[in-house]
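S.K.: Would you mind keeping the following structure in view while I ask a few things?
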Amino acid sequence: MAENVERINQVYYTLFSQPFGLKKIQDPKGWQNDYKNYEIDTDSKSIESKISVDLEFFGNGYEYLKNMYSSYGINEKVILTKYERDTLSISESYNIKYIQTLDFTTYDNNHKTKSIKIKATKGGLFEDIKNRESDEYDILNNLSADNIDIGHIETVPFQPKGRDIFIESLLESENVNDYRLNSYRFSNVGNSTGKTVRTIPMTVVYNSDQEDISTPMYSQDGYNDEVHSESYDLNTNQDARNLFFFEAEGDESVYLNLTLNYKISEIRSRRSNPTNFSVEIFVTEKDGDDNKLIQKIPVYQVNGTSNILNEIGVQKNLYQTTSPINLTRNGSIGVVFTSVMSYNGDIFAPRGETDFFFNIEKSKLVVRDVTNYIDYTTVSRAIKPLQFFDRLVAKITGKKGLVKSSIFKEGGEYENILVDNGLWARNFPDSYEDSQGNEQSIQMVMSYKNAFKSFSYLEPLTWFVEIIGNKEYIRIEKATYTMQNFIGLKLTSVDDIKSKSSKPDYFSSVEIGHSKSMEYEEINGLDEYNGKSNFNTFIKTNISKYSVLSKIRTDAVAYELTRRIDFVNNPKKDTKRDSDLWMHDAKIVNGVYTHKLWQDEFDSAPTGIYSPNTAWNIFLSPINRLFYGHGYSLKRGLYHYPENFITFNSSNSNQNLVTVRNGFELQEGGVIKIKDIEKPKVEATRVTLTFKMTQEIQDALDGYTDVLGQKVKNTNGLVEYINDGSVTYGRIIKIESKEKATMELIKARL
């Protein structure tokens, strides 16, 4: 910048490195050319200043850098900090002007003049984060990336709400002919009774739980010639593999709806008479390795030889809805044909049997799991967002307490958006044995970049470095923080004004939601409303997509399915989601963190979903986040047509969810009228202009304005200039700062 005659009293420089510590140095030559450029960083959405200047160091600065290079080569980091006297302060204390990193690949030592030339580039905390923002860290591990102990992560106890899930399975078969129920072949002398049971033929069509529901082996045609099970009486041991389709992983309750269209085509008896025929539901419980028959529920029954014979050729249409059947852990259910026969043998007729032949037009069984998990209380651990980001910054820098945020702090709007993972949901301890008996530790893996993108699903966010005193902090705020309506810079004279359309800000399509798989192996069908949705705008030219995808899950169904497989009952069982992270819209009730329900945000219970009173994360659904969080950002290129719409296109989740908030209705698979969206902060028009850079303008760009008691960077405000005789406003995109500077703005919409 321009010379300052009092500069020697106004400015000083320091060097800092881990090996050599802090050193106040002789001013480097070249400081006059430390022009600042400004540009929006595409990842952080903040306006960052950048300085790239060739400096020449003498005196103690020369000695510091020479020793550094001799000892460590180009790998060790050296920080150059410029301090400037605060002339507005009574004490005239020094404040940090900028922090730069010295690039030792440009190290150039002139031994004759004892000077070192080296380039200073952007440095400090911002660059520390940027350089490692994509690196993934286990945030539960107590060591930073540089092996510094950062202590245990701070968590809060979290008691999730039980989500009632629609869980249904279907078993079905059609046109099964010559299906047989074969009795034991008697070969003794005297009176005997034969009892026989065989499963009704059915095949799994869709499955509520692959481990619970299966096609019974005896329902296959290949078993027609077998002698079927004699395990008919209560307390007898059943062959669960062959007779039963359902085996409960825990204590469960199910409804069974049975449709059975069949006829007995033949009863073949030798030296015997059929005395009983029935369709029954068998229920077992686990007794050691045995499956003991504890209950028989009759569906249809015929007694007496003549009555049974009269069944031949008669079509039966049976529909039976039972009351819920309660099962203990590993208990089983089967739907079976049964028969009883009487045998009177003698020495001349030692063999007897009774076999039933069926033609089955249709067998259909619907299984509904109605187990009450709503009152099944579990406790997880969770991380609040401020601690979540502070941990990631500590993993990168080795320092805690560097993150500040008005939205994440105590009392902030998003203070209670909690994060946990699958194993915490299942209440696993920090260390446990896996299914192979190996010792494992819970990990929670995330990168700073993905964490920021995930929380930006709530609404557009920004992060930047803020200097408080002489210390750098990371600040995370709403993106609107960088688009405030105070005058940050007033240009009295500008030249070469040009404007053009900003193509990237005209969005023809939208994708919003979380990016995790919605294929749940436990259940068929999808009632979950939190997945990924796609929308089209009215702009037909495929210009740009507005994409907001969280790496952290928000789906309640997947979380509930995971939560139910708790550590106490399933210590050796894995799920595919154990390592997945969830975001929870939570609240505190009587000192305990738990889920918000519809009453916390909406006028009435949502419709279009199963069990709305147990639904949570509703306000995090794609349509709600699009309208209430991202609408203003999307509208920047759409506001010209207020009567047009953003229209639902497709989704991998339930698009029938309907919510009403403050009288306004949103349907997940519906439309949003442009005029209903909050007004944008900018217009999709870019302006470039040139102006003479002065010290006054530079000071304004580096300065702050008091906004409601908070110091806000002037670069986050408006730029005011005159265009065609009219006062015009823009927001900074980029400034190339030389004596004649070039500025790129996006037009502000006030």
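Convention: chains lettered A, B, ... in structure tokens order; per-chain residue numbering from 1; ligands numbered from 1 as shown.
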Which residues are near A:Asp290? Cut-off 12 Å, only C-alpha atoms, ignore same chain within fewer than 6 positions. Put them as a ChimeraX atom specification.

M.R.: /A:235-241,284,330-332

S.K.: Write out the residues from the selection above, keeping N, CA, C and O atoms, as a compact mmCIF listing (two decimals), in the first residue's frame.

M.R.:
# COMPACT_ATOMS: atom_id res chain seq x y z
N ASN A 235 -46.52 -78.90 23.48
CA ASN A 235 -45.27 -79.22 24.17
C ASN A 235 -44.39 -80.19 23.41
O ASN A 235 -43.37 -80.64 23.95
N THR A 236 -44.79 -80.52 22.17
CA THR A 236 -43.88 -81.32 21.35
C THR A 236 -42.90 -80.38 20.64
O THR A 236 -43.15 -79.20 20.45
N ASN A 237 -41.77 -80.94 20.27
CA ASN A 237 -40.73 -80.16 19.61
C ASN A 237 -41.03 -80.04 18.12
O ASN A 237 -41.26 -81.04 17.44
N GLN A 238 -41.00 -78.83 17.61
CA GLN A 238 -41.31 -78.58 16.21
C GLN A 238 -40.04 -78.37 15.40
O GLN A 238 -39.02 -77.88 15.89
N ASP A 239 -40.14 -78.74 14.12
CA ASP A 239 -39.04 -78.50 13.20
C ASP A 239 -39.23 -77.11 12.58
O ASP A 239 -39.89 -76.95 11.56
N ALA A 240 -38.70 -76.10 13.26
CA ALA A 240 -38.95 -74.72 12.85
C ALA A 240 -38.44 -74.45 11.44
O ALA A 240 -39.02 -73.68 10.69
N ARG A 241 -37.36 -75.11 11.06
CA ARG A 241 -36.81 -74.87 9.73
C ARG A 241 -37.78 -75.31 8.64
O ARG A 241 -37.92 -74.65 7.61
N THR A 284 -44.68 -71.42 18.67
CA THR A 284 -43.69 -72.09 19.51
C THR A 284 -42.91 -71.07 20.33
O THR A 284 -42.93 -69.87 20.06
N ASN A 330 -37.05 -65.52 19.73
CA ASN A 330 -36.80 -66.75 18.97
C ASN A 330 -38.02 -67.65 18.89
O ASN A 330 -37.92 -68.80 18.45
N GLY A 331 -39.17 -67.14 19.30
CA GLY A 331 -40.40 -67.90 19.07
C GLY A 331 -40.75 -67.92 17.60
O GLY A 331 -40.30 -67.08 16.81
N SER A 332 -41.61 -68.90 17.21
CA SER A 332 -41.91 -69.10 15.80
C SER A 332 -43.41 -69.21 15.56
O SER A 332 -44.18 -69.53 16.47

S.K.: Residues of stretch 416-511 of chain A within 6 Å of stretch 40-63 of chain A: nearest atom pair and distance (Å, one decimal) for each, counting only C-alpha atoms, sorted by chain and number, as JSON lines?

M.R.:
{"residue": "A:Thr462", "atom": "CA", "partner": "A:Lys45", "partner_atom": "CA", "distance": 5.0}
{"residue": "A:Trp463", "atom": "CA", "partner": "A:Ser44", "partner_atom": "CA", "distance": 5.2}
{"residue": "A:Phe464", "atom": "CA", "partner": "A:Ser46", "partner_atom": "CA", "distance": 5.9}

S.K.: If we count only C-alpha atoms, what is near A:Ile697 at a cut-off of 9 Å, once residues fewer than 6 positions away on the same chain are taken out, given as an NGL selection string?

M.R.: :A and (489-491)

S.K.: How would the residues just chosen look if you wrote them out with C-alpha atoms as a short mmCIF file (atom, residue, chain, number, x, y, z; two decimals), in the first residue's frame?

M.R.:
data_model
loop_
_atom_site.label_atom_id
_atom_site.label_comp_id
_atom_site.auth_asym_id
_atom_site.auth_seq_id
_atom_site.Cartn_x
_atom_site.Cartn_y
_atom_site.Cartn_z
CA LEU A 489 -18.17 0.39 1.11
CA LYS A 490 -19.25 3.58 -0.61
CA LEU A 491 -17.55 4.25 -3.94
#

S.K.: Skipping near chain neighbours, those fewer than 5 positions away, what residues fall within 8 Å of A:Arg749 using only C-alpha atoms, listed as a CSV table (one decimal) with C-alpha atoms, in the first residue's frame?

M.R.:
chain,number,residue,atom,x,y,z
A,680,PRO,CA,-33.7,-13.3,-2.3
A,681,LYS,CA,-30.7,-11.3,-1.1
A,682,VAL,CA,-29.2,-11.0,-4.6
A,683,GLU,CA,-30.2,-11.1,-8.3

S.K.: Using DSSP assignments from the backbone, pull out every residue in stretch 286-487 of chain A that falls under helix (DSSP H, G or I) and give it to me as an NGL selection string.

M.R.: :A and (305-309 or 385-397 or 422-425 or 448-455 or 479-482)

S.K.: Extract, using only C-alpha atoms, all DNA, RNA and protein residues at most 10 Å from A:Ile396, discarding same-chain residues fewer than 2 positions from it, and format them as an NGL selection string.

M.R.: :A and (125 or 128-133 or 135-137 or 143-146 or 148 or 390-394 or 398-399 or 447-448)

S.K.: Could you please take those selected residues and save N, CA, C and O atoms as a CSV table (one decimal), in the first residue's frame?

M.R.:
chain,number,residue,atom,x,y,z
A,125,LEU,N,-5.3,-19.7,10.4
A,125,LEU,CA,-6.2,-20.7,10.7
A,125,LEU,C,-7.1,-21.1,9.5
A,125,LEU,O,-7.4,-22.3,9.4
A,128,ASP,N,-5.1,-23.5,7.5
A,128,ASP,CA,-5.0,-24.7,8.2
A,128,ASP,C,-6.2,-25.6,8.0
A,128,ASP,O,-6.1,-26.8,7.7
A,129,ILE,N,-7.4,-25.0,8.1
A,129,ILE,CA,-8.6,-25.7,7.9
A,129,ILE,C,-8.8,-26.2,6.4
A,129,ILE,O,-9.1,-27.3,6.1
A,130,LYS,N,-8.5,-25.2,5.5
A,130,LYS,CA,-8.7,-25.5,4.1
A,130,LYS,C,-7.7,-26.6,3.6
A,130,LYS,O,-8.1,-27.5,2.8
A,131,ASN,N,-6.5,-26.7,4.2
A,131,ASN,CA,-5.6,-27.7,3.7
A,131,ASN,C,-6.0,-29.1,4.2
A,131,ASN,O,-5.6,-30.1,3.6
A,132,ARG,N,-6.8,-29.2,5.2
A,132,ARG,CA,-7.2,-30.5,5.8
A,132,ARG,C,-8.7,-30.7,5.8
A,132,ARG,O,-9.1,-31.6,6.5
A,133,GLU,N,-9.4,-29.9,5.2
A,133,GLU,CA,-10.9,-29.9,5.3
A,133,GLU,C,-11.5,-31.2,4.7
A,133,GLU,O,-12.6,-31.6,5.2
A,135,ASP,N,-9.9,-34.2,4.8
A,135,ASP,CA,-9.4,-35.3,5.5
A,135,ASP,C,-10.4,-35.8,6.5
A,135,ASP,O,-11.1,-35.0,7.2
A,136,GLU,N,-10.6,-37.1,6.6
A,136,GLU,CA,-11.6,-37.7,7.5
A,136,GLU,C,-10.9,-38.1,8.8
A,136,GLU,O,-9.8,-38.6,8.9
A,137,TYR,N,-11.6,-37.8,9.9
A,137,TYR,CA,-11.0,-38.0,11.3
A,137,TYR,C,-12.1,-38.8,12.1
A,137,TYR,O,-13.3,-38.6,12.0
A,143,LEU,N,-6.6,-37.9,19.9
A,143,LEU,CA,-5.4,-37.3,19.3
A,143,LEU,C,-5.7,-36.6,18.1
A,143,LEU,O,-6.5,-37.0,17.3
A,144,SER,N,-5.0,-35.4,18.0
A,144,SER,CA,-5.2,-34.6,16.8
A,144,SER,C,-4.4,-35.2,15.6
A,144,SER,O,-3.7,-36.2,15.8
A,145,ALA,N,-4.5,-34.6,14.4
A,145,ALA,CA,-3.8,-35.1,13.3
A,145,ALA,C,-2.3,-35.0,13.5
A,145,ALA,O,-1.5,-35.7,12.8
A,146,ASP,N,-1.8,-34.1,14.4
A,146,ASP,CA,-0.4,-34.0,14.7
A,146,ASP,C,-0.1,-34.6,16.0
A,146,ASP,O,0.9,-34.2,16.7
A,148,ILE,N,-1.5,-34.6,19.0
A,148,ILE,CA,-1.6,-33.8,20.2
A,148,ILE,C,-2.9,-34.3,20.9
A,148,ILE,O,-3.9,-34.5,20.3
A,390,ASP,N,-16.1,-27.9,16.8
A,390,ASP,CA,-14.9,-27.6,17.6
A,390,ASP,C,-14.0,-28.8,17.6
A,390,ASP,O,-12.8,-28.7,17.6
A,391,ARG,N,-14.6,-30.0,17.7
A,391,ARG,CA,-13.8,-31.2,17.7
A,391,ARG,C,-13.1,-31.4,16.4
A,391,ARG,O,-11.9,-31.8,16.4
A,392,LEU,N,-13.7,-31.2,15.3
A,392,LEU,CA,-13.1,-31.3,14.0
A,392,LEU,C,-12.0,-30.3,13.8
A,392,LEU,O,-10.9,-30.6,13.3
A,393,VAL,N,-12.2,-29.1,14.3
A,393,VAL,CA,-11.1,-28.1,14.2
A,393,VAL,C,-9.9,-28.5,15.1
A,393,VAL,O,-8.8,-28.3,14.7
A,394,ALA,N,-10.3,-29.0,16.3
A,394,ALA,CA,-9.2,-29.5,17.2
A,394,ALA,C,-8.4,-30.7,16.6
A,394,ALA,O,-7.2,-30.8,16.8
A,398,GLY,N,-5.1,-29.2,16.7
A,398,GLY,CA,-4.6,-29.6,18.0
A,398,GLY,C,-5.0,-28.6,19.1
A,398,GLY,O,-4.6,-28.7,20.2
A,399,LYS,N,-5.9,-27.7,18.8
A,399,LYS,CA,-6.4,-26.7,19.7
A,399,LYS,C,-7.9,-26.7,19.9
A,399,LYS,O,-8.6,-26.8,18.9
A,447,SER,N,-15.3,-35.6,8.0
A,447,SER,CA,-14.3,-34.5,7.6
A,447,SER,C,-15.0,-33.2,7.9
A,447,SER,O,-16.2,-33.1,8.0
A,448,TYR,N,-14.2,-32.2,8.0
A,448,TYR,CA,-14.7,-30.8,8.3
A,448,TYR,C,-15.6,-30.4,7.1
A,448,TYR,O,-16.7,-29.8,7.3

S.K.: Go through A:Asn261, A:Tyr704, A:Phe619, A:Thr688 one by one, measure the shortest atom-to-atom distance of each to A:Ile732 using only C-alpha atoms, and give the residue with the smallest value.

M.R.: A:Thr688

S.K.: Stretch 543-548 of chain A: which residues within 9 Å, counting only C-alpha atoms, same-chain residues fewer than 5 positions away excluded, as a PyMOL selection string?

M.R.: chain A and resi 453-454+456-457+460+503-514+634
